[in-house]
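A.B. asks: Next up, final_26.pdb (PDB, C-alpha atoms).
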```
ATOM      1  CA  MET T   1     209.223 137.082 162.043
ATOM      2  CA  ASP T   2     209.703 133.455 161.018
ATOM      3  CA  ARG T   3     207.695 130.468 162.245
ATOM      4  CA  ARG T   4     210.294 129.473 164.867
ATOM      5  CA  THR T   5     210.359 132.949 166.368
ATOM      6  CA  PHE T   6     206.561 133.008 166.630
ATOM      7  CA  CYS T   7     206.470 129.571 168.247
ATOM      8  CA  LYS T   8     209.125 130.663 170.740
ATOM      9  CA  TYR T   9     207.628 134.018 171.651
ATOM     10  CA  GLY T  10     203.978 133.508 170.655
ATOM     11  CA  PRO T  11     202.461 133.429 174.200
ATOM     12  CA  HIS T  12     204.417 136.543 175.231
ATOM     13  CA  LEU T  13     203.341 138.361 172.078
ATOM     14  CA  LEU T  14     199.708 137.414 172.772
ATOM     15  CA  VAL T  15     199.871 138.817 176.301
ATOM     16  CA  PHE T  16     201.515 141.978 174.967
ATOM     17  CA  ALA T  17     198.838 142.351 172.277
ATOM     18  CA  LEU T  18     196.042 141.947 174.822
ATOM     19  CA  ALA T  19     197.709 144.405 177.169
ATOM     20  CA  ALA T  20     198.086 146.917 174.346
ATOM     21  CA  ALA T  21     194.460 146.438 173.354
ATOM     22  CA  THR T  22     193.389 147.012 176.952
ATOM     23  CA  THR T  23     195.505 150.153 177.134
ATOM     24  CA  LEU T  24     193.844 151.547 174.028
ATOM     25  CA  MET T  25     190.356 150.461 175.118
ATOM     26  CA  PRO T  26     188.047 153.220 176.359
ATOM     27  CA  GLN T  27     187.868 153.327 180.153
ATOM     28  CA  SER T  28     184.078 152.974 180.000
ATOM     29  CA  LEU T  29     184.474 149.562 178.393
ATOM     30  CA  ILE T  30     187.211 148.475 180.788
ATOM     31  CA  ALA T  31     184.900 149.228 183.691
ATOM     32  CA  GLN T  32     182.365 146.762 182.265
ATOM     33  CA  VAL T  33     184.800 143.840 182.346
ATOM     34  CA  SER T  34     183.818 141.745 185.359
ATOM     35  CA  HIS T  35     186.946 139.575 185.374
ATOM     36  CA  PRO T  36     190.129 139.084 183.324
ATOM     37  CA  TRP T  37     189.869 136.876 180.268
ATOM     38  CA  THR T  38     191.271 133.394 180.701
ATOM     39  CA  VAL T  39     193.062 131.277 178.112
ATOM     40  CA  SER T  40     190.043 128.955 178.105
ATOM     41  CA  GLU T  41     187.669 131.826 177.345
ATOM     42  CA  ILE T  42     189.874 133.128 174.532
ATOM     43  CA  TRP T  43     190.606 129.847 172.802
ATOM     44  CA  GLY T  44     188.462 127.021 174.108
ATOM     45  CA  SER T  45     185.169 128.354 175.353
ATOM     46  CA  SER T  46     181.950 127.491 173.542
ATOM     47  CA  ASN T  47     180.666 130.939 174.521
ATOM     48  CA  SER T  48     181.951 133.580 172.132
ATOM     49  CA  LEU T  49     183.472 136.711 173.633
ATOM     50  CA  THR T  50     181.220 138.718 171.334
ATOM     51  CA  GLY T  51     178.119 136.646 172.022
ATOM     52  CA  ASN T  52     176.507 133.865 170.009
ATOM     53  CA  PRO T  53     174.559 135.152 167.009
ATOM     54  CA  PRO T  54     171.299 133.441 166.005
ATOM     55  CA  GLU T  55     171.686 130.577 163.547
ATOM     56  CA  GLY T  56     169.558 130.323 160.435
ATOM     57  CA  MET T  57     168.353 133.907 160.483
ATOM     58  CA  SER T  58     166.000 134.675 157.595
ATOM     59  CA  TRP T  59     164.692 138.056 156.410
ATOM     60  CA  SER T  60     161.133 138.403 155.189
ATOM     61  CA  PRO T  61     160.991 139.356 151.483
ATOM     62  CA  ASN T  62     159.729 142.850 152.340
ATOM     63  CA  GLY T  63     162.647 143.412 154.714
ATOM     64  CA  ALA T  64     160.329 144.226 157.631
ATOM     65  CA  ARG T  65     161.501 141.501 160.036
ATOM     66  CA  ALA T  66     164.214 138.918 160.580
ATOM     67  CA  THR T  67     163.365 135.541 162.098
ATOM     68  CA  TRP T  68     165.196 132.609 163.614
ATOM     69  CA  ILE T  69     164.455 129.589 165.799
ATOM     70  CA  GLY T  70     165.533 130.260 169.381
ATOM     71  CA  LYS T  71     167.168 127.874 171.823
ATOM     72  CA  LYS T  72     163.803 127.056 173.419
ATOM     73  CA  GLY T  73     162.180 126.183 170.098
ATOM     74  CA  SER T  74     160.098 129.298 169.449
ATOM     75  CA  LEU T  75     160.343 131.234 166.199
ATOM     76  CA  LEU T  76     161.676 134.636 167.227
ATOM     77  CA  GLU T  77     161.713 137.904 165.327
ATOM     78  CA  ILE T  78     163.070 141.417 165.371
ATOM     79  CA  GLU T  79     161.477 144.326 163.548
ATOM     80  CA  PRO T  80     164.012 147.120 162.976
ATOM     81  CA  PRO T  81     164.531 149.704 164.315
ATOM     82  CA  ASN T  82     163.203 147.874 167.397
ATOM     83  CA  MET T  83     165.958 145.323 168.013
ATOM     84  CA  HIS T  84     164.370 143.525 170.971
ATOM     85  CA  PRO T  85     163.490 139.908 170.028
ATOM     86  CA  LYS T  86     159.914 138.749 170.483
ATOM     87  CA  THR T  87     158.054 135.508 169.790
ATOM     88  CA  LEU T  88     156.411 135.168 166.384
ATOM     89  CA  ILE T  89     155.350 131.487 166.685
ATOM     90  CA  PRO T  90     155.426 129.812 170.114
ATOM     91  CA  ALA T  91     157.432 126.614 170.514
ATOM     92  CA  ALA T  92     154.293 124.630 171.301
ATOM     93  CA  LYS T  93     152.983 125.178 167.770
ATOM     94  CA  ILE T  94     156.099 123.956 165.955
ATOM     95  CA  ALA T  95     157.696 121.561 168.455
ATOM     96  CA  LYS T  96     156.397 118.447 166.692
ATOM     97  CA  LEU T  97     157.726 119.701 163.373
ATOM     98  CA  LEU T  98     161.169 120.545 164.686
ATOM     99  CA  ASP T  99     161.401 117.232 166.573
ATOM    100  CA  ALA T 100     159.966 115.132 163.760
ATOM    101  CA  HIS T 101     161.594 111.730 163.389
ATOM    102  CA  ILE T 102     163.622 111.316 160.211
ATOM    103  CA  SER T 103     166.234 108.815 159.134
ATOM    104  CA  ASN T 104     169.866 109.266 160.090
ATOM    105  CA  ARG T 105     170.852 109.770 156.460
ATOM    106  CA  ALA T 106     168.145 112.389 155.855
ATOM    107  CA  SER T 107     169.134 114.237 159.034
ATOM    108  CA  ASP T 108     172.764 114.319 157.918
ATOM    109  CA  HIS T 109     171.716 115.521 154.459
ATOM    110  CA  ARG T 110     169.620 118.384 155.868
ATOM    111  CA  ALA T 111     172.424 119.518 158.167
ATOM    112  CA  ARG T 112     175.260 119.082 155.674
ATOM    113  CA  TYR T 113     173.594 121.112 152.938
ATOM    114  CA  GLY T 114     171.855 123.682 155.116
ATOM    115  CA  GLU T 115     168.267 122.828 154.240
ATOM    116  CA  PRO T 116     166.054 125.422 155.982
ATOM    117  CA  ASP T 117     163.290 124.432 158.383
ATOM    118  CA  TYR T 118     161.002 127.093 156.893
ATOM    119  CA  ILE T 119     160.778 129.570 154.014
ATOM    120  CA  TRP T 120     158.928 132.869 153.606
ATOM    121  CA  SER T 121     156.023 133.375 151.230
ATOM    122  CA  PRO T 122     156.477 136.184 148.658
ATOM    123  CA  ASP T 123     153.858 138.334 150.431
ATOM    124  CA  SER T 124     155.814 138.118 153.730
ATOM    125  CA  GLN T 125     152.632 137.043 155.533
ATOM    126  CA  HIS T 126     153.110 133.268 155.644
ATOM    127  CA  LEU T 127     155.800 130.731 156.489
ATOM    128  CA  LEU T 128     156.127 127.268 155.005
ATOM    129  CA  PHE T 129     157.686 124.745 157.396
ATOM    130  CA  ASP T 130     159.291 121.568 156.087
ATOM    131  CA  THR T 131     161.425 119.477 158.445
ATOM    132  CA  ASN T 132     160.505 115.949 157.393
ATOM    133  CA  GLY T 133     158.503 116.271 154.173
ATOM    134  CA  GLU T 134     155.321 117.513 155.839
ATOM    135  CA  LEU T 135     154.437 120.957 154.497
ATOM    136  CA  TRP T 136     152.846 123.268 157.082
ATOM    137  CA  LEU T 137     151.677 126.791 156.284
ATOM    138  CA  PHE T 138     151.651 129.344 159.111
ATOM    139  CA  ASP T 139     149.955 132.737 159.039
ATOM    140  CA  ILE T 140     152.247 135.136 160.923
ATOM    141  CA  ASN T 141     149.245 137.217 161.997
ATOM    142  CA  GLY T 142     148.439 134.846 164.826
ATOM    143  CA  GLY T 143     146.954 131.982 162.875
ATOM    144  CA  ASP T 144     147.662 128.330 163.557
ATOM    145  CA  GLY T 145     149.604 126.192 161.152
ATOM    146  CA  VAL T 146     147.789 123.951 158.695
ATOM    147  CA  GLN T 147     149.228 121.041 156.784
ATOM    148  CA  ILE T 148     148.827 121.677 153.076
ATOM    149  CA  GLY T 149     150.759 118.741 151.657
ATOM    150  CA  ASN T 150     153.521 116.202 152.030
ATOM    151  CA  SER T 151     156.450 115.753 149.693
ATOM    152  CA  GLY T 152     157.030 112.238 150.980
ATOM    153  CA  MET T 153     160.738 113.132 151.230
ATOM    154  CA  GLN T 154     162.565 113.739 154.495
ATOM    155  CA  SER T 155     165.292 115.741 152.774
ATOM    156  CA  GLY T 156     166.120 117.065 149.328
ATOM    157  CA  ASP T 157     162.528 117.991 148.442
ATOM    158  CA  ASP T 158     163.493 121.663 147.905
ATOM    159  CA  PRO T 159     160.047 123.285 148.437
ATOM    160  CA  LYS T 160     159.423 126.716 146.919
ATOM    161  CA  PHE T 161     156.668 129.257 146.535
ATOM    162  CA  SER T 162     155.886 130.505 143.063
ATOM    163  CA  PRO T 163     156.648 134.258 142.744
ATOM    164  CA  SER T 164     152.892 134.920 142.897
ATOM    165  CA  GLY T 165     152.614 132.880 146.100
ATOM    166  CA  ASN T 166     149.706 130.891 144.657
ATOM    167  CA  TYR T 167     151.624 127.643 144.157
ATOM    168  CA  ILE T 168     154.102 125.470 146.006
ATOM    169  CA  SER T 169     156.535 123.186 144.220
ATOM    170  CA  TYR T 170     158.813 120.405 145.470
ATOM    171  CA  ILE T 171     160.696 117.253 144.489
ATOM    172  CA  ARG T 172     159.182 113.828 145.138
ATOM    173  CA  ASN T 173     160.776 110.546 144.057
ATOM    174  CA  HIS T 174     162.994 112.257 141.470
ATOM    175  CA  ASN T 175     160.084 114.146 139.884
ATOM    176  CA  LEU T 176     158.896 117.739 140.028
ATOM    177  CA  TYR T 177     155.509 118.445 141.631
ATOM    178  CA  VAL T 178     153.379 121.574 141.991
ATOM    179  CA  GLN T 179     150.172 122.299 143.902
ATOM    180  CA  PRO T 180     148.075 125.302 144.960
ATOM    181  CA  ALA T 181     149.211 126.803 148.271
ATOM    182  CA  THR T 182     145.967 125.873 150.033
ATOM    183  CA  THR T 183     144.670 123.049 152.207
ATOM    184  CA  SER T 184     142.575 121.784 149.290
ATOM    185  CA  GLY T 185     145.419 121.909 146.785
ATOM    186  CA  GLN T 186     146.082 118.645 144.981
ATOM    187  CA  PRO T 187     149.654 117.865 143.884
ATOM    188  CA  MET T 188     150.319 117.376 140.189
ATOM    189  CA  ALA T 189     153.447 115.812 138.717
ATOM    190  CA  LEU T 190     155.078 117.959 136.045
ATOM    191  CA  THR T 191     157.512 115.171 135.148
ATOM    192  CA  SER T 192     156.931 111.415 135.056
ATOM    193  CA  SER T 193     160.273 109.595 135.133
ATOM    194  CA  ARG T 194     160.069 106.136 136.672
ATOM    195  CA  ARG T 195     163.779 105.357 136.856
ATOM    196  CA  ASP T 196     165.907 106.111 139.928
ATOM    197  CA  THR T 197     168.693 107.285 137.648
ATOM    198  CA  ILE T 198     166.644 110.098 136.051
ATOM    199  CA  LEU T 199     166.494 113.152 138.329
ATOM    200  CA  ASN T 200     164.153 116.018 137.450
ATOM    201  CA  GLY T 201     164.974 119.254 139.267
ATOM    202  CA  GLU T 202     166.824 117.240 141.906
ATOM    203  CA  VAL T 203     170.453 117.811 142.879
ATOM    204  CA  ASP T 204     172.849 114.858 142.848
ATOM    205  CA  TRP T 205     176.097 114.297 144.772
ATOM    206  CA  VAL T 206     178.408 115.780 142.117
ATOM    207  CA  TYR T 207     176.501 119.044 141.904
ATOM    208  CA  LEU T 208     175.970 119.309 145.679
ATOM    209  CA  GLU T 209     179.579 118.644 146.604
ATOM    210  CA  GLU T 210     181.668 119.855 143.701
ATOM    211  CA  LEU T 211     179.628 122.731 142.251
ATOM    212  CA  ASN T 212     177.882 123.984 145.413
ATOM    213  CA  VAL T 213     174.453 123.689 143.766
ATOM    214  CA  ARG T 214     171.501 123.799 146.145
ATOM    215  CA  SER T 215     168.583 123.831 143.687
ATOM    216  CA  ASN T 216     168.048 122.621 140.147
ATOM    217  CA  TYR T 217     164.687 124.170 139.265
ATOM    218  CA  PHE T 218     163.429 127.755 139.135
ATOM    219  CA  TRP T 219     160.070 129.496 138.631
ATOM    220  CA  SER T 220     159.565 132.007 135.849
ATOM    221  CA  PRO T 221     158.853 135.539 137.155
ATOM    222  CA  ASP T 222     155.212 135.315 135.982
ATOM    223  CA  SER T 223     154.658 131.964 137.789
ATOM    224  CA  THR T 224     153.523 130.201 134.605
ATOM    225  CA  LYS T 225     156.567 127.985 133.943
ATOM    226  CA  ILE T 226     159.434 126.180 135.636
ATOM    227  CA  ALA T 227     162.915 125.686 134.199
ATOM    228  CA  TYR T 228     164.600 122.563 135.552
ATOM    229  CA  LEU T 229     167.726 120.483 135.118
ATOM    230  CA  GLN T 230     167.280 116.828 134.238
ATOM    231  CA  MET T 231     170.153 114.529 135.199
ATOM    232  CA  ASN T 232     170.705 111.075 133.743
ATOM    233  CA  GLU T 233     172.923 109.005 136.055
ATOM    234  CA  THR T 234     172.445 105.682 134.265
ATOM    235  CA  HIS T 235     176.106 105.373 133.308
ATOM    236  CA  VAL T 236     177.559 106.812 136.519
ATOM    237  CA  PRO T 237     179.125 104.001 138.612
ATOM    238  CA  THR T 238     178.083 103.481 142.227
ATOM    239  CA  TYR T 239     180.258 103.721 145.320
ATOM    240  CA  PRO T 240     179.324 102.070 148.665
ATOM    241  CA  LEU T 241     178.942 104.477 151.576
ATOM    242  CA  VAL T 242     178.787 102.744 154.963
ATOM    243  CA  ASN T 243     176.967 104.446 157.843
ATOM    244  CA  TYR T 244     178.864 103.340 160.949
ATOM    245  CA  THR T 245     176.920 105.612 163.315
ATOM    246  CA  LEU T 246     174.118 103.051 163.652
ATOM    247  CA  VAL T 247     174.154  99.976 165.875
ATOM    248  CA  HIS T 248     173.783  97.935 162.702
ATOM    249  CA  PRO T 249     175.655  99.778 159.914
ATOM    250  CA  THR T 250     173.903 100.235 156.595
ATOM    251  CA  VAL T 251     175.259 100.653 153.081
ATOM    252  CA  HIS T 252     174.069 103.271 150.604
ATOM    253  CA  GLU T 253     175.095 102.909 146.960
ATOM    254  CA  GLN T 254     176.004 106.450 145.941
ATOM    255  CA  ARG T 255     176.276 107.411 142.264
ATOM    256  CA  TYR T 256     179.841 108.698 142.238
ATOM    257  CA  PRO T 257     182.064 109.224 139.155
ATOM    258  CA  GLN T 258     185.720 108.416 139.748
ATOM    259  CA  PRO T 259     188.269 110.211 137.530
ATOM    260  CA  GLY T 260     187.554 109.119 133.962
ATOM    261  CA  ASP T 261     184.080 107.765 134.739
ATOM    262  CA  PRO T 262     181.032 109.246 132.980
ATOM    263  CA  ASN T 263     179.478 112.298 134.609
ATOM    264  CA  PRO T 264     175.701 112.617 134.807
ATOM    265  CA  GLY T 265     174.176 113.617 131.473
ATOM    266  CA  VAL T 266     172.384 116.948 131.926
ATOM    267  CA  ARG T 267     169.923 119.096 129.997
ATOM    268  CA  VAL T 268     167.620 122.015 130.813
ATOM    269  CA  GLY T 269     163.915 121.964 130.063
ATOM    270  CA  VAL T 270     160.926 124.281 130.573
ATOM    271  CA  VAL T 271     157.508 122.958 131.604
ATOM    272  CA  GLY T 272     154.217 124.766 132.193
ATOM    273  CA  VAL T 273     152.722 125.016 135.680
ATOM    274  CA  HIS T 274     149.670 123.058 134.496
ATOM    275  CA  GLY T 275     151.762 120.256 133.028
ATOM    276  CA  GLY T 276     152.254 119.183 129.443
ATOM    277  CA  PRO T 277     155.385 118.315 127.477
ATOM    278  CA  THR T 278     158.775 119.731 128.431
ATOM    279  CA  HIS T 279     160.507 122.046 125.968
ATOM    280  CA  TRP T 280     164.199 121.067 125.962
ATOM    281  CA  LEU T 281     166.727 123.827 125.309
ATOM    282  CA  LYS T 282     169.424 123.269 122.712
ATOM    283  CA  ILE T 283     172.677 123.669 124.620
ATOM    284  CA  PRO T 284     176.110 122.889 123.097
ATOM    285  CA  ILE T 285     177.719 120.588 125.680
ATOM    286  CA  SER T 286     179.369 117.184 125.734
ATOM    287  CA  VAL T 287     176.750 114.972 127.398
ATOM    288  CA  GLY T 288     178.257 112.781 130.099
ATOM    289  CA  ASN T 289     181.224 115.107 130.497
ATOM    290  CA  ASP T 290     180.295 118.783 130.796
ATOM    291  CA  TYR T 291     178.302 120.478 133.548
ATOM    292  CA  ILE T 292     175.452 122.983 133.819
ATOM    293  CA  PRO T 293     176.220 124.487 137.243
ATOM    294  CA  ARG T 294     173.944 127.553 137.031
ATOM    295  CA  PHE T 295     170.828 128.618 135.143
ATOM    296  CA  GLY T 296     167.783 130.808 135.654
ATOM    297  CA  TRP T 297     165.393 133.338 134.130
ATOM    298  CA  VAL T 298     166.259 136.682 132.516
ATOM    299  CA  ASN T 299     162.535 137.415 132.250
ATOM    300  CA  SER T 300     159.384 135.350 131.807
ATOM    301  CA  HIS T 301     160.379 134.459 128.227
ATOM    302  CA  VAL T 302     164.166 134.054 128.340
ATOM    303  CA  VAL T 303     166.265 131.455 130.197
ATOM    304  CA  TRP T 304     170.004 131.856 130.749
ATOM    305  CA  VAL T 305     172.313 128.833 131.105
ATOM    306  CA  GLU T 306     175.936 128.572 132.228
ATOM    307  CA  THR T 307     178.004 125.603 131.041
ATOM    308  CA  LEU T 308     181.326 124.286 132.308
ATOM    309  CA  SER T 309     183.561 121.889 130.417
ATOM    310  CA  ARG T 310     184.972 118.951 132.341
ATOM    311  CA  ASP T 311     188.612 119.893 131.766
ATOM    312  CA  GLN T 312     188.108 122.998 133.905
TER     313      GLN T 312
END
```
Could you show the structure in this file as structure tokens?
C.D. replies:
Amino acid sequence: MDRRTFCKYGPHLLVFALAAATTLMPQSLIAQVSHPWTVSEIWGSSNSLTGNPPEGMSWSPNGARATWIGKKGSLLEIEPPNMHPKTLIPAAKIAKLLDAHISNRASDHRARYGEPDYIWSPDSQHLLFDTNGELWLFDINGGDGVQIGNSGMQSGDDPKFSPSGNYISYIRNHNLYVQPATTSGQPMALTSSRRDTILNGEVDWVYLEELNVRSNYFWSPDSTKIAYLQMNETHVPTYPLVNYTLVHPTVHEQRYPQPGDPNPGVRVGVVGVHGGPTHWLKIPISVGNDYIPRFGWVNSHVVWVETLSRDQ
């Protein structure tokens, strides 16, 4: 069937297909249909014919429960094999976090790149909320949330638990920070760059958009070290991005390499959880051209790195 035939007979074929499907459908299911489907319901309705699944569902590390934020703002859960949702954290306890005021640009960044509102602790007993840089730790066994830190970043701070669950790490002002996962934990900078063009563990536009990278630092399995990507954008030209959604538009100068422009210079380093100098890995790449799109830990002593040449 060519395109013209489909365009000519498409509606009739659709009706025939639906009629055939109804004919083959078990009578028990047909009896449950309260009214015939309309064209609007099939093609234009915001309500899916199969129902609307929860958005942002997250499984606990132990696989015991799945959680998501419901339409009324509560954190809901199911615990298989019992598939009936119930409230894990009431809306009243997290409403201020979910409705926290952040800038238009940060809000767009969080939505565009799917930054989660919360993450699970490795022991599956705690949740770390981060919607505007404030870090709140919730005990799922009925405890209230307590603020344990603030990244100072409304988006892009990429908070993580160490595998042991004893530490929390995040990005602040282009540097990598770590602190104990307690209310008395004091943040410590593992890197100390003071230039806006040096990004430690942070993800820039090129890697977010072109390489689908969502994180540029990773804990070692024994929680003693962090491997991170350092990006040098000094020679990457800027491009003006105008935000027309505001009453008074603003301009953000985005580091953006046009074809032929220098790419960010990248290298991978390993730093201890208690600070100290970074050990830089010797990686054969063309700095300012090639990419390091993926890297991680084989074990607590070995780091693997993937490189990609620019001509690919």
A.B. asks: Identify, on the basis of all atoms listed in the file, every residue whose closest approach to stretch 282-298 of chain T does not exceed 9 Å; exclude the query and any residue fewer than 2 positions from it along the same chain; express the result as a count of residues only.
C.D. replies: 38
A.B. asks: To test the calculation: enclose all listed atoms of stretch 233-251 of chain T in a box whose edges run along x, y and z, add 4 Å on each side, then state centre and edge lengths in Å to one decimal, as lines of an AutoDock Vina configuration file.
C.D. replies:
```
center_x = 176.4
center_y = 103.5
center_z = 149.6
size_x = 15.8
size_y = 19.1
size_z = 40.6
```
A.B. asks: Report the distance between atom CA of T:Trp205 and atom CA of T:Gly156 in Å, rounded to one decimal place.
C.D. replies: 11.3 Å
A.B. asks: Looking at only C-alpha atoms, which of T:Lys225, T:His174, T:Lys93, T:Arg112 is the one that sits closest to T:Gly272?
C.D. replies: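 Distance minimum relative to T:Gly272 lands on T:Lys225.
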A.B. asks: Taking into account all atoms listed in the file, which residue in the set T:Leu128, T:Ile148, T:Ile42, T:Val270 is nearest to T:Gly185?
C.D. replies: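 Among the listed residues, the smallest separation from T:Gly185 belongs to T:Ile148.
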A.B. asks: Which residues would end up in the selection if the PyMOL selection byres ((chain T and resi 95-108) around 8) were applied here, given that I need the answer as a list of chain:residue names?
C.D. replies: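 Output from the PyMOL selection byres ((chain T and resi 95-108) around 8), applied to this file: T:Gly73, T:Ala91, T:Ala92, T:Lys93, T:Ile94, T:His109, T:Arg110, T:Ala111, T:Arg112, T:Asp117, T:Phe129, T:Asp130, T:Thr131, T:Asn132, T:Gln154, T:Ser155.
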A.B. asks: Could you check how far atom CA of T:Gly114 sits from atom CA of T:Arg214, in Å to one decimal?
C.D. replies: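 Atom-to-atom, atom CA of T:Gly114 to atom CA of T:Arg214, that is 9.0 Å.
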A.B. asks: Record the distance separating atom CA of T:Leu137 and atom CA of T:Pro180, expressed in Å with one decimal.
C.D. replies: 12.0 Å
A.B. asks: I need the residue set behind the PyMOL selection byres ((chain T and resi 179) around 8) for this file; please write it as a short mmCIF file (atom, residue, chain, number, x, y, z; two decimals) with C-alpha atoms, keeping the file's coordinate frame.
C.D. replies:
```cif
data_model
loop_
_atom_site.label_atom_id
_atom_site.label_comp_id
_atom_site.auth_asym_id
_atom_site.auth_seq_id
_atom_site.Cartn_x
_atom_site.Cartn_y
_atom_site.Cartn_z
CA TYR T 167 151.62 127.64 144.16
CA ILE T 168 154.10 125.47 146.01
CA SER T 169 156.54 123.19 144.22
CA TYR T 177 155.51 118.44 141.63
CA VAL T 178 153.38 121.57 141.99
CA PRO T 180 148.07 125.30 144.96
CA ALA T 181 149.21 126.80 148.27
CA GLY T 185 145.42 121.91 146.78
CA GLN T 186 146.08 118.64 144.98
CA PRO T 187 149.65 117.86 143.88
CA MET T 188 150.32 117.38 140.19
#
```
A.B. asks: Starting from the displayed file, determine the output of the PyMOL selection byres ((chain T and resi 123-127) around 8) and express the residue list as a list of chain:residue names.
C.D. replies: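 Against this file, the PyMOL selection byres ((chain T and resi 123-127) around 8) returns the residues T:Ser60, T:Pro61, T:Asn62, T:Tyr118, T:Ile119, T:Trp120, T:Ser121, T:Pro122, T:Leu128, T:Phe129, T:Leu137, T:Phe138, T:Asp139, T:Ile140, T:Asn141, T:Gly165.
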A.B. asks: Using only C-alpha atoms, which residues sit within 6 Å of stretch 248-259 of chain T once same-chain residues fewer than 3 positions away are excluded, as number ranges by chain?
C.D. replies: T: 236-244
A.B. asks: For stretch 266-284 of chain T, which lacks atoms in the input, supply N, CA and C atoms and format the output as a PDB file, in the frame of the given file.
C.D. replies:
```pdb
ATOM      1  N   VAL T 266     173.288 115.885 131.463  1.00  0.00           N
ATOM      2  CA  VAL T 266     172.384 116.948 131.926  1.00  0.00           C
ATOM      3  C   VAL T 266     171.801 117.728 130.748  1.00  0.00           C
ATOM      4  N   ARG T 267     170.572 118.210 130.950  1.00  0.00           N
ATOM      5  CA  ARG T 267     169.923 119.096 129.997  1.00  0.00           C
ATOM      6  C   ARG T 267     168.897 119.942 130.752  1.00  0.00           C
ATOM      7  N   VAL T 268     168.564 121.095 130.187  1.00  0.00           N
ATOM      8  CA  VAL T 268     167.620 122.015 130.813  1.00  0.00           C
ATOM      9  C   VAL T 268     166.331 122.039 130.006  1.00  0.00           C
ATOM     10  N   GLY T 269     165.213 121.920 130.711  1.00  0.00           N
ATOM     11  CA  GLY T 269     163.915 121.964 130.063  1.00  0.00           C
ATOM     12  C   GLY T 269     163.000 122.966 130.747  1.00  0.00           C
ATOM     13  N   VAL T 270     161.931 123.359 130.035  1.00  0.00           N
ATOM     14  CA  VAL T 270     160.926 124.281 130.573  1.00  0.00           C
ATOM     15  C   VAL T 270     159.568 123.607 130.465  1.00  0.00           C
ATOM     16  N   VAL T 271     158.825 123.588 131.582  1.00  0.00           N
ATOM     17  CA  VAL T 271     157.508 122.958 131.604  1.00  0.00           C
ATOM     18  C   VAL T 271     156.501 123.938 132.190  1.00  0.00           C
ATOM     19  N   GLY T 272     155.267 123.887 131.706  1.00  0.00           N
ATOM     20  CA  GLY T 272     154.217 124.766 132.193  1.00  0.00           C
ATOM     21  C   GLY T 272     153.708 124.344 133.558  1.00  0.00           C
ATOM     22  N   VAL T 273     153.182 125.290 134.322  1.00  0.00           N
ATOM     23  CA  VAL T 273     152.722 125.016 135.680  1.00  0.00           C
ATOM     24  C   VAL T 273     151.528 124.069 135.694  1.00  0.00           C
ATOM     25  N   HIS T 274     150.812 123.965 134.581  1.00  0.00           N
ATOM     26  CA  HIS T 274     149.670 123.058 134.496  1.00  0.00           C
ATOM     27  C   HIS T 274     150.030 121.744 133.800  1.00  0.00           C
ATOM     28  N   GLY T 275     151.323 121.506 133.628  1.00  0.00           N
ATOM     29  CA  GLY T 275     151.762 120.256 133.028  1.00  0.00           C
ATOM     30  C   GLY T 275     151.933 120.369 131.528  1.00  0.00           C
ATOM     31  N   GLY T 276     152.019 119.208 130.873  1.00  0.00           N
ATOM     32  CA  GLY T 276     152.254 119.183 129.443  1.00  0.00           C
ATOM     33  C   GLY T 276     153.687 118.790 129.139  1.00  0.00           C
ATOM     34  N   PRO T 277     154.038 118.729 127.855  1.00  0.00           N
ATOM     35  CA  PRO T 277     155.385 118.315 127.477  1.00  0.00           C
ATOM     36  C   PRO T 277     156.435 119.342 127.873  1.00  0.00           C
ATOM     37  N   THR T 278     157.641 118.862 128.116  1.00  0.00           N
ATOM     38  CA  THR T 278     158.775 119.731 128.431  1.00  0.00           C
ATOM     39  C   THR T 278     159.434 120.208 127.146  1.00  0.00           C
ATOM     40  N   HIS T 279     159.749 121.489 127.099  1.00  0.00           N
ATOM     41  CA  HIS T 279     160.507 122.046 125.968  1.00  0.00           C
ATOM     42  C   HIS T 279     161.981 122.036 126.348  1.00  0.00           C
ATOM     43  N   TRP T 280     162.780 121.204 125.640  1.00  0.00           N
ATOM     44  CA  TRP T 280     164.199 121.067 125.962  1.00  0.00           C
ATOM     45  C   TRP T 280     165.018 122.109 125.196  1.00  0.00           C
ATOM     46  N   LEU T 281     165.893 122.798 125.922  1.00  0.00           N
ATOM     47  CA  LEU T 281     166.727 123.827 125.309  1.00  0.00           C
ATOM     48  C   LEU T 281     167.911 123.185 124.582  1.00  0.00           C
ATOM     49  N   LYS T 282     168.276 123.766 123.476  1.00  0.00           N
ATOM     50  CA  LYS T 282     169.424 123.269 122.712  1.00  0.00           C
ATOM     51  C   LYS T 282     170.691 123.938 123.255  1.00  0.00           C
ATOM     52  N   ILE T 283     171.485 123.141 123.957  1.00  0.00           N
ATOM     53  CA  ILE T 283     172.677 123.669 124.620  1.00  0.00           C
ATOM     54  C   ILE T 283     173.900 122.896 124.127  1.00  0.00           C
ATOM     55  N   PRO T 284     174.926 123.575 123.627  1.00  0.00           N
ATOM     56  CA  PRO T 284     176.110 122.889 123.097  1.00  0.00           C
ATOM     57  C   PRO T 284     177.049 122.405 124.209  1.00  0.00           C
TER      58      PRO T 284
END
```
